[in-house]
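Enquirer: Provided herewith: upload.pdb, PDB, C-alpha atoms and all ligand atoms.
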```pdb
ATOM      1  CA  MET B   4     -16.304  12.240   0.614  1.00  0.00           C
ATOM      2  CA  THR B   5     -14.489  13.930   3.475  1.00  0.00           C
ATOM      3  CA  LEU B   6     -13.708  11.598   6.326  1.00  0.00           C
ATOM      4  CA  SER B   7     -13.030  12.950   9.722  1.00  0.00           C
ATOM      5  CA  ILE B   8     -10.660  10.591  11.476  1.00  0.00           C
ATOM      6  CA  SER B   9      -8.637  11.661  14.468  1.00  0.00           C
ATOM      7  CA  PRO B  10      -5.015  10.582  14.944  1.00  0.00           C
ATOM      8  CA  ASP B  11      -6.318   8.503  17.837  1.00  0.00           C
ATOM      9  CA  ASP B  12      -8.687   6.638  15.536  1.00  0.00           C
ATOM     10  CA  ILE B  13      -5.850   5.990  13.122  1.00  0.00           C
ATOM     11  CA  ARG B  14      -3.662   4.693  15.947  1.00  0.00           C
ATOM     12  CA  LYS B  15      -6.428   2.371  17.133  1.00  0.00           C
ATOM     13  CA  GLN B  16      -6.923   1.128  13.576  1.00  0.00           C
ATOM     14  CA  SER B  17      -3.215   0.362  13.338  1.00  0.00           C
ATOM     15  CA  VAL B  18      -3.199  -1.487  16.634  1.00  0.00           C
ATOM     16  CA  ILE B  19      -6.147  -3.625  15.553  1.00  0.00           C
ATOM     17  CA  THR B  20      -4.390  -4.654  12.343  1.00  0.00           C
ATOM     18  CA  GLU B  21      -1.084  -5.340  14.126  1.00  0.00           C
ATOM     19  CA  SER B  22      -1.411  -9.035  14.686  1.00  0.00           C
ATOM     20  CA  LYS B  23       0.733 -11.337  16.724  1.00  0.00           C
ATOM     21  CA  SER B  24       0.661 -14.576  14.765  1.00  0.00           C
ATOM     22  CA  PRO B  25      -0.734 -17.540  16.702  1.00  0.00           C
ATOM     23  CA  VAL B  26       1.169 -19.858  14.349  1.00  0.00           C
ATOM     24  CA  SER B  27       4.802 -20.797  14.831  1.00  0.00           C
ATOM     25  CA  GLU B  28       7.461 -20.450  12.149  1.00  0.00           C
ATOM     26  CA  ALA B  29       7.820 -24.256  12.122  1.00  0.00           C
ATOM     27  CA  GLU B  30       4.098 -24.693  11.455  1.00  0.00           C
ATOM     28  CA  MET B  31       4.280 -22.195   8.597  1.00  0.00           C
ATOM     29  CA  GLN B  32       7.228 -24.044   7.089  1.00  0.00           C
ATOM     30  CA  GLN B  33       5.361 -27.309   7.430  1.00  0.00           C
ATOM     31  CA  ALA B  34       2.445 -25.782   5.501  1.00  0.00           C
ATOM     32  CA  VAL B  35       4.779 -24.767   2.657  1.00  0.00           C
ATOM     33  CA  ARG B  36       6.171 -28.309   2.624  1.00  0.00           C
ATOM     34  CA  THR B  37       2.592 -29.576   2.258  1.00  0.00           C
ATOM     35  CA  LEU B  38       2.027 -27.161  -0.643  1.00  0.00           C
ATOM     36  CA  LEU B  39       5.166 -28.463  -2.361  1.00  0.00           C
ATOM     37  CA  LEU B  40       3.916 -32.030  -1.963  1.00  0.00           C
ATOM     38  CA  GLY B  41       0.549 -30.925  -3.353  1.00  0.00           C
ATOM     39  CA  MET B  42       2.345 -29.547  -6.420  1.00  0.00           C
ATOM     40  CA  GLY B  43       3.821 -33.003  -6.998  1.00  0.00           C
ATOM     41  CA  GLU B  44       7.284 -31.902  -5.894  1.00  0.00           C
ATOM     42  CA  ASP B  45       9.796 -33.618  -3.640  1.00  0.00           C
ATOM     43  CA  PRO B  46      10.409 -31.171  -0.776  1.00  0.00           C
ATOM     44  CA  ASP B  47      13.497 -33.174   0.235  1.00  0.00           C
ATOM     45  CA  ARG B  48      15.396 -32.728  -3.002  1.00  0.00           C
ATOM     46  CA  GLU B  49      18.423 -30.508  -2.704  1.00  0.00           C
ATOM     47  CA  GLY B  50      16.999 -27.436  -4.449  1.00  0.00           C
ATOM     48  CA  LEU B  51      13.859 -27.398  -2.313  1.00  0.00           C
ATOM     49  CA  ARG B  52      15.294 -28.334   1.055  1.00  0.00           C
ATOM     50  CA  ASP B  53      15.428 -24.740   2.326  1.00  0.00           C
ATOM     51  CA  THR B  54      12.456 -23.518   0.310  1.00  0.00           C
ATOM     52  CA  PRO B  55       9.867 -23.665   3.134  1.00  0.00           C
ATOM     53  CA  LYS B  56      12.183 -21.508   5.255  1.00  0.00           C
ATOM     54  CA  ARG B  57      12.727 -19.060   2.380  1.00  0.00           C
ATOM     55  CA  VAL B  58       9.033 -18.857   1.477  1.00  0.00           C
ATOM     56  CA  VAL B  59       8.021 -18.137   5.075  1.00  0.00           C
ATOM     57  CA  LYS B  60      10.708 -15.459   5.340  1.00  0.00           C
ATOM     58  CA  ALA B  61       9.550 -13.889   2.062  1.00  0.00           C
ATOM     59  CA  LEU B  62       5.870 -13.976   3.046  1.00  0.00           C
ATOM     60  CA  LYS B  63       6.646 -12.448   6.425  1.00  0.00           C
ATOM     61  CA  PHE B  64       8.491  -9.606   4.707  1.00  0.00           C
ATOM     62  CA  LEU B  65       5.722  -9.081   2.146  1.00  0.00           C
ATOM     63  CA  THR B  66       3.161  -8.825   4.957  1.00  0.00           C
ATOM     64  CA  SER B  67       5.355  -6.985   7.443  1.00  0.00           C
ATOM     65  CA  GLY B  68       2.964  -4.039   7.264  1.00  0.00           C
ATOM     66  CA  TYR B  69       0.816  -5.838   9.857  1.00  0.00           C
ATOM     67  CA  GLN B  70       3.600  -5.323  12.402  1.00  0.00           C
ATOM     68  CA  GLN B  71       3.915  -1.607  11.717  1.00  0.00           C
ATOM     69  CA  SER B  72       1.911   1.303  13.009  1.00  0.00           C
ATOM     70  CA  LEU B  73       1.555   4.871  11.807  1.00  0.00           C
ATOM     71  CA  ASP B  74       2.939   6.155  15.088  1.00  0.00           C
ATOM     72  CA  GLU B  75       6.129   4.180  14.726  1.00  0.00           C
ATOM     73  CA  LEU B  76       6.763   4.954  11.069  1.00  0.00           C
ATOM     74  CA  LEU B  77       6.012   8.665  11.457  1.00  0.00           C
ATOM     75  CA  ASN B  78       8.682   9.098  14.109  1.00  0.00           C
ATOM     76  CA  GLY B  79       7.154  12.483  14.921  1.00  0.00           C
ATOM     77  CA  ALA B  80       7.730  13.872  11.422  1.00  0.00           C
ATOM     78  CA  VAL B  81       4.642  16.092  11.336  1.00  0.00           C
ATOM     79  CA  PHE B  82       5.552  19.774  11.364  1.00  0.00           C
ATOM     80  CA  HIS B  83       3.612  22.984  11.836  1.00  0.00           C
ATOM     81  CA  GLU B  84       3.934  25.007   8.646  1.00  0.00           C
ATOM     82  CA  ASP B  85       1.868  27.711   6.978  1.00  0.00           C
ATOM     83  CA  ALA B  86       2.128  26.185   3.491  1.00  0.00           C
ATOM     84  CA  ASN B  87      -1.191  25.975   1.715  1.00  0.00           C
ATOM     85  CA  GLU B  88      -0.313  24.826  -1.783  1.00  0.00           C
ATOM     86  CA  MET B  89      -0.567  21.287  -3.073  1.00  0.00           C
ATOM     87  CA  VAL B  90       2.132  18.825  -2.035  1.00  0.00           C
ATOM     88  CA  LEU B  91       2.386  15.849  -4.384  1.00  0.00           C
ATOM     89  CA  VAL B  92       4.619  12.791  -4.147  1.00  0.00           C
ATOM     90  CA  ARG B  93       4.382  10.966  -7.438  1.00  0.00           C
ATOM     91  CA  ASP B  94       5.429   7.596  -8.769  1.00  0.00           C
ATOM     92  CA  ILE B  95       5.790   5.778  -5.457  1.00  0.00           C
ATOM     93  CA  ASP B  96       6.498   2.156  -6.390  1.00  0.00           C
ATOM     94  CA  LEU B  97       4.107  -0.273  -4.754  1.00  0.00           C
ATOM     95  CA  PHE B  98       4.530  -3.993  -4.230  1.00  0.00           C
ATOM     96  CA  SER B  99       1.484  -5.472  -2.585  1.00  0.00           C
ATOM     97  CA  SER B 100      -0.221  -8.868  -2.458  1.00  0.00           C
ATOM     98  CA  CYS B 101      -3.794  -9.528  -3.455  1.00  0.00           C
ATOM     99  CA  GLU B 102      -5.864 -11.025  -0.691  1.00  0.00           C
ATOM    100  CA  HIS B 103      -7.711 -13.389  -3.018  1.00  0.00           C
ATOM    101  CA  HIS B 104      -4.720 -15.239  -4.472  1.00  0.00           C
ATOM    102  CA  ILE B 105      -1.710 -13.966  -2.487  1.00  0.00           C
ATOM    103  CA  LEU B 106      -0.135 -12.970  -5.796  1.00  0.00           C
ATOM    104  CA  PRO B 107       1.680  -9.682  -6.425  1.00  0.00           C
ATOM    105  CA  ILE B 108       0.019  -6.385  -7.161  1.00  0.00           C
ATOM    106  CA  LEU B 109       2.661  -4.208  -8.846  1.00  0.00           C
ATOM    107  CA  GLY B 110       2.074  -0.533  -9.333  1.00  0.00           C
ATOM    108  CA  ARG B 111       2.537   3.058  -8.379  1.00  0.00           C
ATOM    109  CA  ALA B 112       0.852   5.511  -6.072  1.00  0.00           C
ATOM    110  CA  HIS B 113       0.509   9.265  -6.467  1.00  0.00           C
ATOM    111  CA  VAL B 114      -0.322  11.028  -3.229  1.00  0.00           C
ATOM    112  CA  ALA B 115      -1.204  14.695  -2.778  1.00  0.00           C
ATOM    113  CA  TYR B 116      -2.553  16.881  -0.032  1.00  0.00           C
ATOM    114  CA  ILE B 117      -3.159  20.558   0.574  1.00  0.00           C
ATOM    115  CA  PRO B 118      -1.916  21.468   4.055  1.00  0.00           C
ATOM    116  CA  ASN B 119      -3.958  23.161   6.702  1.00  0.00           C
ATOM    117  CA  GLY B 120      -1.289  24.185   9.215  1.00  0.00           C
ATOM    118  CA  LYS B 121       0.626  20.912   9.251  1.00  0.00           C
ATOM    119  CA  VAL B 122       2.965  19.133   6.824  1.00  0.00           C
ATOM    120  CA  ILE B 123       4.388  15.627   6.955  1.00  0.00           C
ATOM    121  CA  GLY B 124       7.933  14.471   6.157  1.00  0.00           C
ATOM    122  CA  LEU B 125       7.878  13.558   2.458  1.00  0.00           C
ATOM    123  CA  SER B 126       9.449  10.138   2.941  1.00  0.00           C
ATOM    124  CA  LYS B 127       6.705   9.326   5.433  1.00  0.00           C
ATOM    125  CA  ILE B 128       4.159   9.498   2.621  1.00  0.00           C
ATOM    126  CA  ALA B 129       6.025   6.707   0.836  1.00  0.00           C
ATOM    127  CA  ARG B 130       6.365   4.808   4.121  1.00  0.00           C
ATOM    128  CA  ILE B 131       2.613   5.003   4.713  1.00  0.00           C
ATOM    129  CA  CYS B 132       2.058   3.571   1.218  1.00  0.00           C
ATOM    130  CA  GLU B 133       4.522   0.759   1.967  1.00  0.00           C
ATOM    131  CA  MET B 134       2.968  -0.117   5.302  1.00  0.00           C
ATOM    132  CA  TYR B 135      -0.469  -0.652   3.776  1.00  0.00           C
ATOM    133  CA  ALA B 136       0.958  -2.313   0.651  1.00  0.00           C
ATOM    134  CA  ARG B 137       2.745  -4.891   2.794  1.00  0.00           C
ATOM    135  CA  ARG B 138      -0.525  -6.448   3.854  1.00  0.00           C
ATOM    136  CA  LEU B 139      -3.004  -8.632   1.970  1.00  0.00           C
ATOM    137  CA  GLN B 140      -5.004  -6.123  -0.017  1.00  0.00           C
ATOM    138  CA  VAL B 141      -7.566  -5.193  -2.578  1.00  0.00           C
ATOM    139  CA  GLN B 142      -6.461  -2.142  -4.503  1.00  0.00           C
ATOM    140  CA  GLU B 143      -9.502  -0.101  -3.503  1.00  0.00           C
ATOM    141  CA  ARG B 144      -8.827  -0.561   0.224  1.00  0.00           C
ATOM    142  CA  LEU B 145      -5.114   0.136  -0.159  1.00  0.00           C
ATOM    143  CA  THR B 146      -5.937   3.428  -1.892  1.00  0.00           C
ATOM    144  CA  GLN B 147      -8.491   4.396   0.738  1.00  0.00           C
ATOM    145  CA  GLN B 148      -6.237   3.512   3.671  1.00  0.00           C
ATOM    146  CA  ILE B 149      -3.442   5.738   2.372  1.00  0.00           C
ATOM    147  CA  ALA B 150      -5.876   8.640   1.962  1.00  0.00           C
ATOM    148  CA  ASP B 151      -7.534   8.073   5.358  1.00  0.00           C
ATOM    149  CA  ALA B 152      -4.160   7.960   7.107  1.00  0.00           C
ATOM    150  CA  LEU B 153      -3.110  11.356   5.727  1.00  0.00           C
ATOM    151  CA  GLN B 154      -6.527  12.831   6.369  1.00  0.00           C
ATOM    152  CA  GLY B 155      -6.474  11.647   9.971  1.00  0.00           C
ATOM    153  CA  LEU B 156      -2.902  12.703  10.672  1.00  0.00           C
ATOM    154  CA  LEU B 157      -2.886  16.143   9.063  1.00  0.00           C
ATOM    155  CA  LYS B 158      -6.525  17.258   8.851  1.00  0.00           C
ATOM    156  CA  PRO B 159      -5.488  18.919   5.581  1.00  0.00           C
ATOM    157  CA  GLN B 160      -7.725  20.874   3.212  1.00  0.00           C
ATOM    158  CA  GLY B 161      -7.843  17.755   1.095  1.00  0.00           C
ATOM    159  CA  VAL B 162      -6.139  14.514   0.108  1.00  0.00           C
ATOM    160  CA  ALA B 163      -5.908  12.833  -3.286  1.00  0.00           C
ATOM    161  CA  VAL B 164      -4.539   9.350  -3.887  1.00  0.00           C
ATOM    162  CA  VAL B 165      -4.361   7.552  -7.220  1.00  0.00           C
ATOM    163  CA  VAL B 166      -3.022   4.007  -7.452  1.00  0.00           C
ATOM    164  CA  GLU B 167      -2.240   2.412 -10.809  1.00  0.00           C
ATOM    165  CA  ALA B 168      -1.453  -1.278 -10.613  1.00  0.00           C
ATOM    166  CA  SER B 169      -1.280  -4.555 -12.439  1.00  0.00           C
ATOM    167  CA  HIS B 170      -2.529  -7.673 -10.687  1.00  0.00           C
ATOM    168  CA  MET B 171      -0.518 -10.821 -11.311  1.00  0.00           C
ATOM    169  CA  CYS B 172      -3.657 -12.870 -10.598  1.00  0.00           C
ATOM    170  CA  MET B 173      -5.098 -11.317 -13.777  1.00  0.00           C
ATOM    171  CA  VAL B 174      -1.838 -11.587 -15.722  1.00  0.00           C
ATOM    172  CA  MET B 175      -0.295 -14.988 -14.972  1.00  0.00           C
ATOM    173  CA  ARG B 176      -3.481 -16.973 -14.344  1.00  0.00           C
ATOM    174  CA  GLY B 177      -7.255 -16.635 -14.477  1.00  0.00           C
ATOM    175  CA  VAL B 178      -8.302 -14.215 -17.185  1.00  0.00           C
ATOM    176  CA  GLN B 179      -4.621 -13.791 -18.313  1.00  0.00           C
ATOM    177  CA  LYS B 180      -4.599 -10.185 -19.429  1.00  0.00           C
ATOM    178  CA  PRO B 181      -0.954  -9.051 -19.228  1.00  0.00           C
ATOM    179  CA  GLY B 182      -1.612  -5.534 -20.547  1.00  0.00           C
ATOM    180  CA  SER B 183      -4.363  -4.689 -18.118  1.00  0.00           C
ATOM    181  CA  TRP B 184      -3.928  -2.332 -15.209  1.00  0.00           C
ATOM    182  CA  THR B 185      -6.329  -0.882 -12.720  1.00  0.00           C
ATOM    183  CA  VAL B 186      -6.672   2.698 -11.559  1.00  0.00           C
ATOM    184  CA  THR B 187      -8.249   3.512  -8.205  1.00  0.00           C
ATOM    185  CA  SER B 188      -8.574   6.853  -6.502  1.00  0.00           C
ATOM    186  CA  SER B 189      -9.638   8.436  -3.267  1.00  0.00           C
ATOM    187  CA  MET B 190     -10.443  12.145  -3.309  1.00  0.00           C
ATOM    188  CA  GLN B 191     -11.194  13.880  -0.042  1.00  0.00           C
ATOM    189  CA  GLY B 192     -11.872  17.477   1.002  1.00  0.00           C
ATOM    190  CA  VAL B 193     -11.129  20.086  -1.693  1.00  0.00           C
ATOM    191  CA  PHE B 194     -10.102  17.382  -4.166  1.00  0.00           C
ATOM    192  CA  ALA B 195     -13.626  15.960  -3.951  1.00  0.00           C
ATOM    193  CA  ASP B 196     -15.387  19.327  -3.811  1.00  0.00           C
ATOM    194  CA  ASP B 197     -13.464  21.404  -6.335  1.00  0.00           C
ATOM    195  CA  ALA B 198     -13.109  20.134  -9.919  1.00  0.00           C
ATOM    196  CA  ARG B 199     -10.261  22.562 -10.678  1.00  0.00           C
ATOM    197  CA  THR B 200      -8.113  21.349  -7.770  1.00  0.00           C
ATOM    198  CA  ARG B 201      -8.769  17.756  -8.794  1.00  0.00           C
ATOM    199  CA  GLN B 202      -7.854  18.609 -12.393  1.00  0.00           C
ATOM    200  CA  GLU B 203      -4.616  20.266 -11.297  1.00  0.00           C
ATOM    201  CA  PHE B 204      -3.709  17.066  -9.438  1.00  0.00           C
ATOM    202  CA  MET B 205      -4.574  14.901 -12.453  1.00  0.00           C
ATOM    203  CA  ASP B 206      -2.475  17.155 -14.747  1.00  0.00           C
ATOM    204  CA  LEU B 207       0.483  17.037 -12.341  1.00  0.00           C
ATOM    205  CA  ILE B 208       0.512  13.239 -12.190  1.00  0.00           C
ATOM    206  CA  ARG B 209       0.504  13.046 -15.998  1.00  0.00           C
ATOM    207  CA  HIS B 210       3.116  15.613 -17.021  1.00  0.00           C
ATOM    208  CA  SER B 211       6.689  14.561 -17.827  1.00  0.00           C
ATOM    209  CA  PRO B 212       9.196  16.059 -15.413  1.00  0.00           C
ATOM    210  CA  SER B 213      11.931  18.087 -17.125  1.00  0.00           C
ATOM    211  CA  PHE B 214      14.757  16.234 -15.348  1.00  0.00           C
ATOM    212  CA  HIS B 215      13.794  12.835 -16.839  1.00  0.00           C
TER
HETATM  213  N1  LIG T 301     -12.035  -5.340  -6.676  1.00  0.00           N
HETATM  214  C1  LIG T 301     -10.882  -6.020  -6.661  1.00  0.00           C
HETATM  215  N2  LIG T 301     -10.863  -7.264  -7.111  1.00  0.00           N
HETATM  216  C2  LIG T 301      -9.687  -7.934  -7.088  1.00  0.00           C
HETATM  217  C3  LIG T 301      -8.500  -7.377  -6.613  1.00  0.00           C
HETATM  218  N3  LIG T 301      -7.513  -8.305  -6.733  1.00  0.00           N
HETATM  219  C4  LIG T 301      -8.085  -9.401  -7.269  1.00  0.00           C
HETATM  220  N4  LIG T 301      -9.403  -9.195  -7.496  1.00  0.00           N
HETATM  221  C5  LIG T 301     -10.473 -10.014  -8.070  1.00  0.00           C
HETATM  222  O1  LIG T 301     -11.042 -10.860  -7.123  1.00  0.00           O
HETATM  223  C6  LIG T 301     -11.886 -11.747  -7.849  1.00  0.00           C
HETATM  224  C7  LIG T 301     -11.985 -13.095  -7.154  1.00  0.00           C
HETATM  225  O2  LIG T 301     -12.944 -13.782  -7.902  1.00  0.00           O
HETATM  226  P1  LIG T 301     -13.264 -15.338  -7.740  1.00  0.00           P
HETATM  227  O3  LIG T 301     -14.194 -15.751  -8.837  1.00  0.00           O
HETATM  228  O4  LIG T 301     -13.643 -15.614  -6.322  1.00  0.00           O
HETATM  229  O5  LIG T 301     -11.828 -15.998  -7.928  1.00  0.00           O
HETATM  230  P2  LIG T 301     -11.200 -16.673  -9.223  1.00  0.00           P
HETATM  231  O6  LIG T 301     -11.967 -17.892  -9.590  1.00  0.00           O
HETATM  232  O7  LIG T 301      -9.752 -16.890  -8.932  1.00  0.00           O
HETATM  233  O8  LIG T 301     -11.420 -15.550 -10.319  1.00  0.00           O
HETATM  234  P3  LIG T 301     -10.660 -15.295 -11.680  1.00  0.00           P
HETATM  235  O9  LIG T 301      -9.481 -14.400 -11.371  1.00  0.00           O
HETATM  236  O10 LIG T 301     -11.666 -14.596 -12.567  1.00  0.00           O
HETATM  237  O11 LIG T 301     -10.199 -16.615 -12.241  1.00  0.00           O
HETATM  238  C8  LIG T 301     -11.314 -11.786  -9.250  1.00  0.00           C
HETATM  239  O12 LIG T 301     -12.261 -11.145 -10.096  1.00  0.00           O
HETATM  240  C9  LIG T 301     -10.043 -10.940  -9.143  1.00  0.00           C
HETATM  241  O13 LIG T 301      -9.741 -10.254 -10.360  1.00  0.00           O
HETATM  242  C10 LIG T 301      -8.567  -6.037  -6.139  1.00  0.00           C
HETATM  243  O14 LIG T 301      -7.585  -5.446  -5.688  1.00  0.00           O
HETATM  244  N5  LIG T 301      -9.769  -5.412  -6.175  1.00  0.00           N
HETATM  245 ZN    ZN T 302      -5.844 -11.909  -6.925  1.00  0.00          ZN
END
```
Just dump the structure as structure tokens.
Expert:
Amino acid sequence: MTLSISPDDIRKQSVITESKSPVSEAEMQQAVRTLLLGMGEDPDREGLRDTPKRVVKALKFLTSGYQQSLDELLNGAVFHEDANEMVLVRDIDLFSSCEHHILPILGRAHVAYIPNGKVIGLSKIARICEMYARRLQVQERLTQQIADALQGLLKPQGVAVVVEASHMCMVMRGVQKPGSWTVTSSMQGVFADDARTRQEFMDLIRHSPSFH
């Protein structure tokens, strides 16, 4: 499916998801203290005394993507260029948090596009992945948001995103399947319409680079 999203739409979307928390840091720490009590722990023992503060700091970092916007992270790094061959950034490490259990989703993203007059700074592709990963997510939405962002920013001939990830909520608890991992993809433009282009992308994300 080809989505047509303007940079303005993307900016609006980012502003909507940028939330100013109505809860104070102290209230968040108090909630962690309550969780510790609920676990049967003594939040006043030496080892746990600073834990509420640390947990809140860690959670704020892991969800810091809510405070970011595409505009800010791009820093203007979209350039006019006549390139029209596939650009692929592979093996982008992802650390996200599942919205059902707030447990880690650990994986990798592979992101490709075929330019149509504009290219984006390569590091910005990884930064876009990070911004969406540092929010509470389901893997499908994370994958789609990365693809939609590139589509909206560059209006390329096509975008392909594959995310491969393991969900700690399926590994450490619940169904407890440590070897399982989930693959999600979003194919837009030529990657959706042309099987050969899609195949080239799939081959490129599978081959072993010669410098490894
Ligand atoms: N589609 C999708 N599901 C997810 C993702 N992360 C976690 N889940 C699933 O969300 C579902 C939540 O199901 P519930 O039955 O409400 O929760 P639960 O009792 O903790 O489920 P179990 O994990 O089966 O023990 C589970 O099947 C999880 O595996 C994700 O990124 N995408
Ligand atoms: Zn989960």
Enquirer: How would you report the residues lying within 8 Å of ligand ZN 302 (chain T), as a tab-separated table (two decimals) with C-alpha atoms, keeping the file's coordinate frame, if you count only C-alpha atoms and all ligand atoms?
Expert:
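Contents of pocket-v1.tsv, freshly written:
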```
chain	number	residue	atom	x	y	z
B	100	SER	CA	-0.22	-8.87	-2.46
B	101	CYS	CA	-3.79	-9.53	-3.46
B	102	GLU	CA	-5.86	-11.02	-0.69
B	103	HIS	CA	-7.71	-13.39	-3.02
B	104	HIS	CA	-4.72	-15.24	-4.47
B	105	ILE	CA	-1.71	-13.97	-2.49
B	106	LEU	CA	-0.14	-12.97	-5.80
B	107	PRO	CA	1.68	-9.68	-6.42
B	170	HIS	CA	-2.53	-7.67	-10.69
B	171	MET	CA	-0.52	-10.82	-11.31
B	172	CYS	CA	-3.66	-12.87	-10.60
B	173	MET	CA	-5.10	-11.32	-13.78
```
Enquirer: Please evaluate the PyMOL selection byres (((chain B and resi 24) around 12) and not hetatm) against the displayed coordinates and give the resulting residues as a PyMOL selection string.
Expert: chain B and resi 20-23+25-28+30-31+63+66-67+69-70
Enquirer: Which residues would end up in the selection if the PyMOL selection byres (((chain B and resi 157) around 12) and not hetatm) were applied here, given that I need the answer as an MDAnalysis selection string?
Expert: chainID B and resid 7:10 13 77 80:84 116:124 128 150:156 158:162
Enquirer: Dump as CSV the rows for residues of chain B within 12 Å of ligand LIG 301 (chain T): closest atom pair and distance in Å with one decimal, all atoms listed in the file counted, ordered by chain and rising residue number.
Expert:
```
residue,atom,partner,partner_atom,distance
B:Ser99,CA,T:LIG301,O14,9.6
B:Ser100,CA,T:LIG301,N3,8.5
B:Cys101,CA,T:LIG301,N3,5.1
B:Glu102,CA,T:LIG301,N3,6.8
B:His103,CA,T:LIG301,C4,5.8
B:His104,CA,T:LIG301,O7,6.9
B:Ile105,CA,T:LIG301,N3,9.2
B:Leu106,CA,T:LIG301,N3,8.8
B:Pro107,CA,T:LIG301,N3,9.3
B:Ile108,CA,T:LIG301,N3,7.8
B:Leu109,CA,T:LIG301,O14,10.8
B:Gly110,CA,T:LIG301,O14,11.4
B:Ala136,CA,T:LIG301,O14,11.1
B:Arg138,CA,T:LIG301,O14,11.9
B:Leu139,CA,T:LIG301,O14,9.5
B:Gln140,CA,T:LIG301,O14,6.3
B:Val141,CA,T:LIG301,O14,3.1
B:Gln142,CA,T:LIG301,O14,3.7
B:Glu143,CA,T:LIG301,N5,6.0
B:Arg144,CA,T:LIG301,O14,7.8
B:Leu145,CA,T:LIG301,O14,8.2
B:Thr146,CA,T:LIG301,O14,9.8
B:Gln147,CA,T:LIG301,O14,11.8
B:Val166,CA,T:LIG301,O14,10.6
B:Glu167,CA,T:LIG301,O14,10.8
B:Ala168,CA,T:LIG301,O14,8.9
B:Ser169,CA,T:LIG301,N3,9.2
B:His170,CA,T:LIG301,N3,6.4
B:Met171,CA,T:LIG301,C4,8.7
B:Cys172,CA,T:LIG301,O9,6.1
B:Met173,CA,T:LIG301,O13,5.9
B:Val174,CA,T:LIG301,O9,9.2
B:Met175,CA,T:LIG301,O9,9.9
B:Arg176,CA,T:LIG301,O11,7.0
B:Gly177,CA,T:LIG301,O11,3.7
B:Val178,CA,T:LIG301,O10,5.7
B:Gln179,CA,T:LIG301,O9,8.5
B:Lys180,CA,T:LIG301,O9,10.3
B:Ser183,CA,T:LIG301,O13,11.0
B:Trp184,CA,T:LIG301,O14,10.7
B:Thr185,CA,T:LIG301,O14,8.5
B:Val186,CA,T:LIG301,O14,10.1
B:Thr187,CA,T:LIG301,N5,9.3
```
Enquirer: Got time to write the residues from that selection, C-alpha atoms, as an mmCIF file, in the coordinates of the input?
Expert:
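Heads up, here's the output in result25.cif:
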```
data_model
loop_
_atom_site.group_PDB
_atom_site.id
_atom_site.type_symbol
_atom_site.label_atom_id
_atom_site.label_comp_id
_atom_site.auth_asym_id
_atom_site.auth_seq_id
_atom_site.Cartn_x
_atom_site.Cartn_y
_atom_site.Cartn_z
ATOM 1 C CA SER B 99 1.484 -5.472 -2.585
ATOM 2 C CA SER B 100 -0.221 -8.868 -2.458
ATOM 3 C CA CYS B 101 -3.794 -9.528 -3.455
ATOM 4 C CA GLU B 102 -5.864 -11.025 -0.691
ATOM 5 C CA HIS B 103 -7.711 -13.389 -3.018
ATOM 6 C CA HIS B 104 -4.720 -15.239 -4.472
ATOM 7 C CA ILE B 105 -1.710 -13.966 -2.487
ATOM 8 C CA LEU B 106 -0.135 -12.970 -5.796
ATOM 9 C CA PRO B 107 1.680 -9.682 -6.425
ATOM 10 C CA ILE B 108 0.019 -6.385 -7.161
ATOM 11 C CA LEU B 109 2.661 -4.208 -8.846
ATOM 12 C CA GLY B 110 2.074 -0.533 -9.333
ATOM 13 C CA ALA B 136 0.958 -2.313 0.651
ATOM 14 C CA ARG B 138 -0.525 -6.448 3.854
ATOM 15 C CA LEU B 139 -3.004 -8.632 1.970
ATOM 16 C CA GLN B 140 -5.004 -6.123 -0.017
ATOM 17 C CA VAL B 141 -7.566 -5.193 -2.578
ATOM 18 C CA GLN B 142 -6.461 -2.142 -4.503
ATOM 19 C CA GLU B 143 -9.502 -0.101 -3.503
ATOM 20 C CA ARG B 144 -8.827 -0.561 0.224
ATOM 21 C CA LEU B 145 -5.114 0.136 -0.159
ATOM 22 C CA THR B 146 -5.937 3.428 -1.892
ATOM 23 C CA GLN B 147 -8.491 4.396 0.738
ATOM 24 C CA VAL B 166 -3.022 4.007 -7.452
ATOM 25 C CA GLU B 167 -2.240 2.412 -10.809
ATOM 26 C CA ALA B 168 -1.453 -1.278 -10.613
ATOM 27 C CA SER B 169 -1.280 -4.555 -12.439
ATOM 28 C CA HIS B 170 -2.529 -7.673 -10.687
ATOM 29 C CA MET B 171 -0.518 -10.821 -11.311
ATOM 30 C CA CYS B 172 -3.657 -12.870 -10.598
ATOM 31 C CA MET B 173 -5.098 -11.317 -13.777
ATOM 32 C CA VAL B 174 -1.838 -11.587 -15.722
ATOM 33 C CA MET B 175 -0.295 -14.988 -14.972
ATOM 34 C CA ARG B 176 -3.481 -16.973 -14.344
ATOM 35 C CA GLY B 177 -7.255 -16.635 -14.477
ATOM 36 C CA VAL B 178 -8.302 -14.215 -17.185
ATOM 37 C CA GLN B 179 -4.621 -13.791 -18.313
ATOM 38 C CA LYS B 180 -4.599 -10.185 -19.429
ATOM 39 C CA SER B 183 -4.363 -4.689 -18.118
ATOM 40 C CA TRP B 184 -3.928 -2.332 -15.209
ATOM 41 C CA THR B 185 -6.329 -0.882 -12.720
ATOM 42 C CA VAL B 186 -6.672 2.698 -11.559
ATOM 43 C CA THR B 187 -8.249 3.512 -8.205
#
```
Enquirer: For this structure, which residues satisfy the selection - the PyMOL selection byres (((chain B and resi 34-37) around 12) and not hetatm) - when it is evaluated on the file as given? I want them as a PyMOL selection string.
Expert: chain B and resi 26-33+38-48+51-62
Enquirer: Measuring atom to atom with only C-alpha atoms, identify which of B:Gly79, B:Asp206, B:Leu73, B:Asp85 is nearest to B:Cys132.
Expert: B:Leu73
Enquirer: Record the distance separating atom CA of B:Asp197 and atom CA of B:Glu133, expressed in Å with one decimal.
Expert: 28.6 Å
Enquirer: What is the atom CA of B:Val114-atom CA of B:Val92 distance in Å, reported with one decimal?
Expert: 5.3 Å
